[in-house]
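Step one of this worksheet: look at the structure below.
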Amino acid sequence: MSRTSEEAGRPALTLADPPPVVTTEGPSARPRRIAILGNPNAGKSTLFNQLTGLRQKVGNYPGVTVEKKTGTCEMPSGRRVEVIDLPGTYSLHPHSPDEVIVRDVLLGLQPGTPPPDLIVFVVDATHLSRHLYLALQVIDIGRPVILALNMMDAAEAQGLKIDERALEQQLGVPVVGISAARGTGLGHLRRLMDRDVEPSTQKFRRWPPHLERVLHHLESRLPRHPDLPERGRLDLALALLLDDGEDDALARSAPPEVLDDLGIVRRRLDAVSPGWRADEVEGRYEAIHGVLERAAIPAEARRDPVRERVDRVLTHRVWGVVIFVLLMGAVFQSVFSWAAPAMDAIDALVKNFGVLVEGLMPAGPVRSLIVDGIIAGVGTTLIFLPQIAVLFFFICVLEDSGYMARAAFIMDRLMGKVGLSGRAFIPLLSSFACAIPGIMATRTIDNRRDRITTIMIAPFMSCSARLPVYALLIGAFIPNKWIGFVTLPALTLFSMYLLGIGAAIAVAWVLKRSVLKGGRPLYVMELPPYRMPSPRSVALAVRDRSLLFLRKAGTVILAVSMVLWFLASYPRGGREVHALQARVTAAEQAGDTAARDALSSQVAGVSLRNSFAGRIGRFIEPAIEPLGFDWRIGIGLITSFAAREVMVSTMATVFNLGSGDDDIVSLRQTLRDAVDPDTGLHAYSPLIGVSLMVFFVLACQCMSTVAVVKRETNSWRWALFMVVMMNVLAWLASFAVFQGGRLMGFA
Amino acid sequence: MSRVATERSLDRLEPGERGVILRLDGDHGAVRRLMELGLVPGTRVEVLRRAPLGDPIELRLRDVHLSLRRSEAAFIHVEDV
């Protein structure tokens, strides 16, 4: 580094030479807390990853699904500091849950997250004019700030010259040029982070007298707070004035009599100057212009010819759409096919592990619980992990390269028709592979109502777990006839996908006009410059998502697996089973393996029919009879809550087919031939097959999805709403298909 | 030409046209956020393009590119340069 300009003599800055403050604290003192803050796309996370490496953990702020990333980092002096990566933010006065968190942390109001001792404010050097807005707001609070000018390499490539010392002088805080992606300038930054940095003495607030009077008066009525610098009390006053009075940490920070008066104050301001809410913004941009002018930095960027050429293609009326469709097709295909080998491997691993455990433990209920309940149940969930990893790899690459914003730009009009934003497209597309990564991907949607709507409709996309069920039923009941240039089975499969999409559109439309109705959200979105994604950030993002899925969904899924196992295994025995088991033993002794296997399958079938699941199947039969389903299908509907494809193996067990993997053909035949014991007629018809498929398209039958929805919406309410809404819809649709079909004479 | 004659809402600008922001109408929160993103009165804006389906539009102002739905751009009034 050795910046010669780090000379002494600038007031308020202790940049000059004081040696690193090596622990004045005792060994038990808490580590210095450094927050990384900045606009979205400033390269905050890249810097965070560079500083902390793998020493980071991801959690949530209490009560919201805003990610809290913290890590540790060793300073040149050898002491450890705690680094926290705050969510990307445009303003201290929030517009989204992420931004509320940032405001609350900076104002010292966030429970569990004390305000940082030092803020490393990351700005994109090529977007200085816009990024300084939040920077000046933060400097004004009076907390110690280091300004990290990121992407200096890009700025230089554009011919943009930034005099760091001049900027330092203007802002009153240390300024350091870095490139987080290339790792340049980080040594200098670390050395600065190791020192004591004084807050700036400069002020960048410019507001008209009427607002100033009100704010000073409000400030004088606020109690002193150890976590907020004296200067920041004015910002707290403005935050209160601009806040829409929800019950949040901000409202709790002020005395009730002040809160009561806020309404009056606002009305008075409205009368004097209707545009007062934006006065602070205008004043601050004036201040930015002053700073940039005096530091001789242009406020308007020159055209970037490369970007413009790329954009002309990627957002072209024809080529833009073609490339978009091809890219999305490639992503979708990869989630399916790249993940397949890993999924098979996990599947085999889980099975082998089950066999291993089975061999190690004595037979009995405990072994059965562990092997058939926990290992099999959690195993069916683990299988989704490769898809999650592959999808997040693509999402992260698309996001970091800047393409995601263009994809949203292209799709916005179409998604807007159902009241969603362009950002909803990728989560919905991924849901065709599996709703779980799709739902996790909705975090890129900043509007809460849009995000919940997207989560609610994602499970309607026909996921890969439904395919085995479609394959079974289409193979069993749909004749292989050609209709024009497609076969009837292919047409049926396609219709199931379309039905799911149609239901999603309808539900989104209704939700956005009822429960999730709200003021028109703003869809303004930044189109960032194209950048090379950093492999490190991509790898870390994939790792984070995978761990998150395993840790959180795993707990609920584990519990539900155990419950389902219990339902399908108890009560055990019974006279019928004992008699059969005696015959199995007899066949075994006689060496008749064929008879033994057939009898064993019968034992499994009888046991399942007699179990609680079987009884529930029979109990719900009256409810599903109008859809054309009997109690045997009922059992399948219950066990498929573990995962939809479990339906196939359940039907095999119910019909005493044994649990081999290659028997889907014989299962199809069995279903076709199945006889209703009461009437002696065929139990199932093509109409019932279609009705059952329609049910599978629409019903919420996947415990992992429910668990993830609970996690991502942070409430059981939405998870429950989804279960009820989807299942009611499924019932009604199947009812319409079956009864309608019968009326038309298809039965 | 009079000043009024040259005033248009931003959604009326064709790709390639420029203007200087005069004022913003509409909901307080939305106006504040648009301004925070740099759309302050006095700022020069250029409409770069429309999305393939006609909406939203891409703007260039200061040193950033923003995408706005045309219904939102309608609240921003600009003066021709």
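Labels for the structure tokens follow display order: chains A, B, ..., residues from 1 in each chain, ligands from 1.
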
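By chain and then residue number, the residues within 10 Å of Leu472 in chain A are Leu467, Phe477, Met647, Val648, Ile664, Val665, Leu667, Arg668, Gln669, Leu671, Gly689 and Met693 of chain A, counting only C-alpha atoms and disregarding those fewer than 5 positions away in sequence.
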
Determine, counting only C-alpha atoms, which protein, DNA and RNA residues have an atom within 9 Å of an atom of Val577 in chain A; residues of the same chain fewer than 4 positions away are not included. Present the result as a ChimeraX atom specification.
/A:572-573,581-582,602-604,606-607

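For the pair CA of Asp11 in chain B and CA of Arg303 in chain A, the separation is 22.2 Å.
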
Distance-based interface of chain A with chain B, 8 Å, counting only C-alpha atoms, as a PyMOL selection string:
chain A and resi 90-91+95+126-130+133+275+277-278+281-282+285+299-302+315-318+320-321+409-410+412-414+522-528

Prev. selection, C-alpha atoms, output as a compact mmCIF listing (two decimals), in the first residue's frame:
# COMPACT_ATOMS: atom_id res chain seq x y z
CA TYR A 90 -30.68 1.75 -0.98
CA SER A 91 -31.66 3.98 1.90
CA HIS A 95 -38.84 0.01 1.69
CA THR A 126 -18.45 3.35 -11.25
CA HIS A 127 -21.77 4.24 -9.55
CA LEU A 128 -20.48 6.75 -7.06
CA SER A 129 -23.18 9.34 -7.56
CA ARG A 130 -25.99 6.95 -6.57
CA TYR A 133 -26.62 8.59 -1.12
CA GLY A 275 -43.57 17.16 -0.64
CA ARG A 277 -41.05 13.52 2.72
CA ALA A 278 -38.71 13.87 -0.22
CA VAL A 281 -33.54 13.15 -0.61
CA GLU A 282 -33.23 16.27 -2.70
CA TYR A 285 -28.32 14.69 -3.73
CA ALA A 299 -21.51 12.71 -11.70
CA GLU A 300 -22.64 11.27 -14.98
CA ALA A 301 -20.97 8.19 -16.37
CA ARG A 302 -19.70 7.97 -19.89
CA THR A 315 -32.80 -7.39 -24.50
CA HIS A 316 -33.49 -7.41 -28.24
CA ARG A 317 -37.12 -7.88 -29.25
CA VAL A 318 -36.36 -11.17 -30.96
CA GLY A 320 -33.34 -11.30 -26.38
CA VAL A 321 -36.36 -13.55 -26.14
CA PHE A 409 -36.80 -7.06 -17.47
CA ILE A 410 -37.87 -9.38 -20.30
CA ASP A 412 -41.95 -8.51 -16.27
CA ARG A 413 -44.78 -7.76 -18.67
CA LEU A 414 -45.90 -11.38 -18.81
CA LEU A 522 -42.91 -0.22 -6.99
CA TYR A 523 -41.21 -2.36 -9.61
CA VAL A 524 -38.27 -0.08 -10.16
CA MET A 525 -35.18 -2.22 -10.51
CA GLU A 526 -31.55 -1.53 -11.14
CA LEU A 527 -29.96 -3.01 -14.27
CA PRO A 528 -26.40 -3.55 -13.08

Write down as a VMD selection string the residues of range 445-546 of chain A whose backbone DSSP state falls under helix (DSSP H, G or I).
chain A and resid 448 to 460 467 to 477 488 to 513 535 to 546

Neighbours of Arg33 in chain A within 9 Å (only C-alpha atoms; same-chain residues fewer than 5 positions away dropped), as a VMD selection string?
chain A and resid 81 to 84 114 to 119

Please produce an output containing C-alpha atoms for each residue in the selection, written as a short mmCIF file (atom, residue, chain, number, x, y, z; two decimals), in the first residue's frame.
data_model
loop_
_atom_site.label_atom_id
_atom_site.label_comp_id
_atom_site.auth_asym_id
_atom_site.auth_seq_id
_atom_site.Cartn_x
_atom_site.Cartn_y
_atom_site.Cartn_z
CA VAL A 81 -12.82 -9.14 14.69
CA GLU A 82 -16.39 -10.09 14.03
CA VAL A 83 -17.65 -9.14 10.57
CA ILE A 84 -21.32 -8.84 9.74
CA PRO A 114 -25.75 -4.40 18.65
CA PRO A 115 -24.59 -1.53 16.45
CA PRO A 116 -21.19 -2.04 14.81
CA ASP A 117 -18.03 -0.42 16.14
CA LEU A 118 -16.97 0.33 12.59
CA ILE A 119 -18.74 0.33 9.23
#

Contacts of range 506-520 of chain A within 12 Å, only C-alpha atoms, excl. fewer than 4 positions in-chain, as a PyMOL selection string:
(chain A and resi 415-421+424+447-460+499-502+524+698+718+721-722+725-726+729) or (chain B and resi 26-30+69+71-72)

Would you please extract all strand (DSSP E or B) residues from chain B, as assigned by DSSP on the backbone, and give them as a ChimeraX atom specification?
/B:7-9,18-24,44-50,57-61,64-68,76-80

Write to file, as a compact mmCIF listing (two decimals), in the first residue's frame, the residues of the selection just made, with N, CA and C atoms.
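What landed in part23.txt:
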# COMPACT_ATOMS: atom_id res chain seq x y z
N GLU B 7 -43.41 19.78 -21.73
CA GLU B 7 -43.45 18.88 -20.58
C GLU B 7 -44.17 17.59 -20.95
N ARG B 8 -43.54 16.47 -20.64
CA ARG B 8 -44.17 15.17 -20.92
C ARG B 8 -43.95 14.25 -19.74
N SER B 9 -44.80 13.23 -19.62
CA SER B 9 -44.48 12.22 -18.61
C SER B 9 -43.48 11.26 -19.24
N ARG B 18 -34.35 12.11 -24.53
CA ARG B 18 -33.90 12.53 -23.21
C ARG B 18 -34.76 13.62 -22.64
N GLY B 19 -34.67 13.76 -21.33
CA GLY B 19 -35.39 14.84 -20.68
C GLY B 19 -34.75 15.17 -19.35
N VAL B 20 -35.19 16.29 -18.77
CA VAL B 20 -34.74 16.65 -17.43
C VAL B 20 -35.94 16.56 -16.51
N ILE B 21 -35.79 15.89 -15.38
CA ILE B 21 -36.92 15.67 -14.48
C ILE B 21 -37.40 17.00 -13.89
N LEU B 22 -38.71 17.23 -14.00
CA LEU B 22 -39.31 18.43 -13.42
C LEU B 22 -39.89 18.14 -12.05
N ARG B 23 -40.74 17.11 -11.98
CA ARG B 23 -41.35 16.76 -10.69
C ARG B 23 -41.91 15.36 -10.76
N LEU B 24 -42.24 14.82 -9.59
CA LEU B 24 -42.82 13.49 -9.50
C LEU B 24 -44.17 13.58 -8.78
N ARG B 44 -30.88 14.61 -15.52
CA ARG B 44 -31.08 14.26 -16.92
C ARG B 44 -31.32 12.76 -17.05
N VAL B 45 -32.37 12.41 -17.82
CA VAL B 45 -32.71 11.00 -18.00
C VAL B 45 -32.77 10.69 -19.48
N GLU B 46 -32.31 9.50 -19.84
CA GLU B 46 -32.48 9.05 -21.22
C GLU B 46 -33.24 7.72 -21.20
N VAL B 47 -34.26 7.62 -22.06
CA VAL B 47 -34.94 6.34 -22.20
C VAL B 47 -34.12 5.52 -23.20
N LEU B 48 -33.61 4.38 -22.74
CA LEU B 48 -32.74 3.59 -23.62
C LEU B 48 -33.53 2.64 -24.49
N ARG B 49 -34.45 1.90 -23.89
CA ARG B 49 -35.20 0.92 -24.67
C ARG B 49 -36.44 0.48 -23.92
N ARG B 50 -37.31 -0.20 -24.66
CA ARG B 50 -38.43 -0.88 -24.03
C ARG B 50 -38.13 -2.37 -24.02
N ILE B 57 -39.52 -0.16 -19.19
CA ILE B 57 -38.54 0.59 -19.98
C ILE B 57 -37.22 0.68 -19.22
N GLU B 58 -36.15 0.89 -19.97
CA GLU B 58 -34.85 1.05 -19.32
C GLU B 58 -34.41 2.50 -19.42
N LEU B 59 -33.99 3.04 -18.26
CA LEU B 59 -33.56 4.44 -18.21
C LEU B 59 -32.08 4.52 -17.88
N ARG B 60 -31.46 5.60 -18.36
CA ARG B 60 -30.09 5.87 -17.95
C ARG B 60 -30.08 7.24 -17.31
N LEU B 61 -29.56 7.31 -16.08
CA LEU B 61 -29.46 8.61 -15.43
C LEU B 61 -28.24 8.58 -14.53
N VAL B 64 -26.23 5.32 -13.44
CA VAL B 64 -26.93 4.04 -13.30
C VAL B 64 -27.98 3.82 -14.38
N HIS B 65 -28.36 2.55 -14.50
CA HIS B 65 -29.45 2.16 -15.39
C HIS B 65 -30.58 1.61 -14.51
N LEU B 66 -31.80 2.10 -14.73
CA LEU B 66 -32.94 1.61 -13.96
C LEU B 66 -33.99 1.09 -14.92
N SER B 67 -34.77 0.11 -14.43
CA SER B 67 -35.91 -0.32 -15.22
C SER B 67 -37.17 0.03 -14.44
N LEU B 68 -38.13 0.61 -15.14
CA LEU B 68 -39.36 1.10 -14.53
C LEU B 68 -40.53 0.62 -15.38
N ILE B 76 -43.62 10.50 -13.51
CA ILE B 76 -42.43 11.34 -13.55
C ILE B 76 -42.55 12.30 -14.73
N HIS B 77 -42.49 13.58 -14.45
CA HIS B 77 -42.64 14.57 -15.52
C HIS B 77 -41.29 15.14 -15.91
N VAL B 78 -41.05 15.15 -17.20
CA VAL B 78 -39.75 15.65 -17.66
C VAL B 78 -39.97 16.78 -18.66
N GLU B 79 -38.92 17.51 -18.84
CA GLU B 79 -38.91 18.62 -19.77
C GLU B 79 -37.90 18.24 -20.85
N ASP B 80 -38.21 18.51 -22.09
CA ASP B 80 -37.27 18.16 -23.16
C ASP B 80 -35.98 18.95 -23.02

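Coordinates place CA of Ile146 in chain A at a distance of 24.6 Å from CA of Pro111 in chain A.
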
Residues near Val371 in chain A, cut-off 9 Å, only C-alpha atoms, skip fewer than 3 positions along chain, as a short mmCIF file (atom, residue, chain, number, x, y, z; two decimals) with N, CA and C atoms, in the first residue's frame:
data_model
loop_
_atom_site.label_atom_id
_atom_site.label_comp_id
_atom_site.auth_asym_id
_atom_site.auth_seq_id
_atom_site.Cartn_x
_atom_site.Cartn_y
_atom_site.Cartn_z
N PHE A 353 -27.20 -47.82 3.09
CA PHE A 353 -27.09 -47.50 4.50
C PHE A 353 -28.20 -48.20 5.27
N GLY A 354 -29.41 -48.17 4.70
CA GLY A 354 -30.55 -48.86 5.31
C GLY A 354 -30.24 -50.34 5.46
N VAL A 355 -29.70 -50.94 4.41
CA VAL A 355 -29.39 -52.38 4.44
C VAL A 355 -28.33 -52.64 5.50
N VAL A 357 -27.62 -50.87 8.21
CA VAL A 357 -28.19 -50.75 9.56
C VAL A 357 -29.07 -51.96 9.85
N GLU A 358 -29.79 -52.39 8.85
CA GLU A 358 -30.68 -53.53 9.01
C GLU A 358 -29.88 -54.75 9.44
N VAL A 366 -37.69 -51.02 16.73
CA VAL A 366 -36.70 -49.95 16.71
C VAL A 366 -35.98 -49.96 15.36
N ARG A 367 -35.61 -51.15 14.90
CA ARG A 367 -34.93 -51.24 13.61
C ARG A 367 -35.86 -50.74 12.50
N SER A 368 -37.10 -51.14 12.59
CA SER A 368 -38.04 -50.72 11.56
C SER A 368 -38.20 -49.20 11.55
N ILE A 374 -37.02 -43.47 9.53
CA ILE A 374 -36.10 -42.32 9.49
C ILE A 374 -35.22 -42.35 8.24
N ILE A 375 -34.52 -43.47 8.02
CA ILE A 375 -33.58 -43.48 6.88
C ILE A 375 -34.33 -43.33 5.56
N ALA A 376 -35.43 -44.08 5.42
CA ALA A 376 -36.17 -43.99 4.16
C ALA A 376 -36.80 -42.61 4.01
N GLY A 377 -37.38 -42.09 5.10
CA GLY A 377 -38.09 -40.81 5.04
C GLY A 377 -37.15 -39.65 4.78
#

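From CA of Ile439 in chain A back to CA of Gly112 in chain A, the distance works out to 27.3 Å.
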
Excluding Pro427 in chain A and residues on its chain fewer than 3 positions from it, collect all residues at most 7 Å away from it, counting only C-alpha atoms, and give them as JSON, numbers by chain.
{"A": [424, 430, 431, 438, 439, 441, 442]}
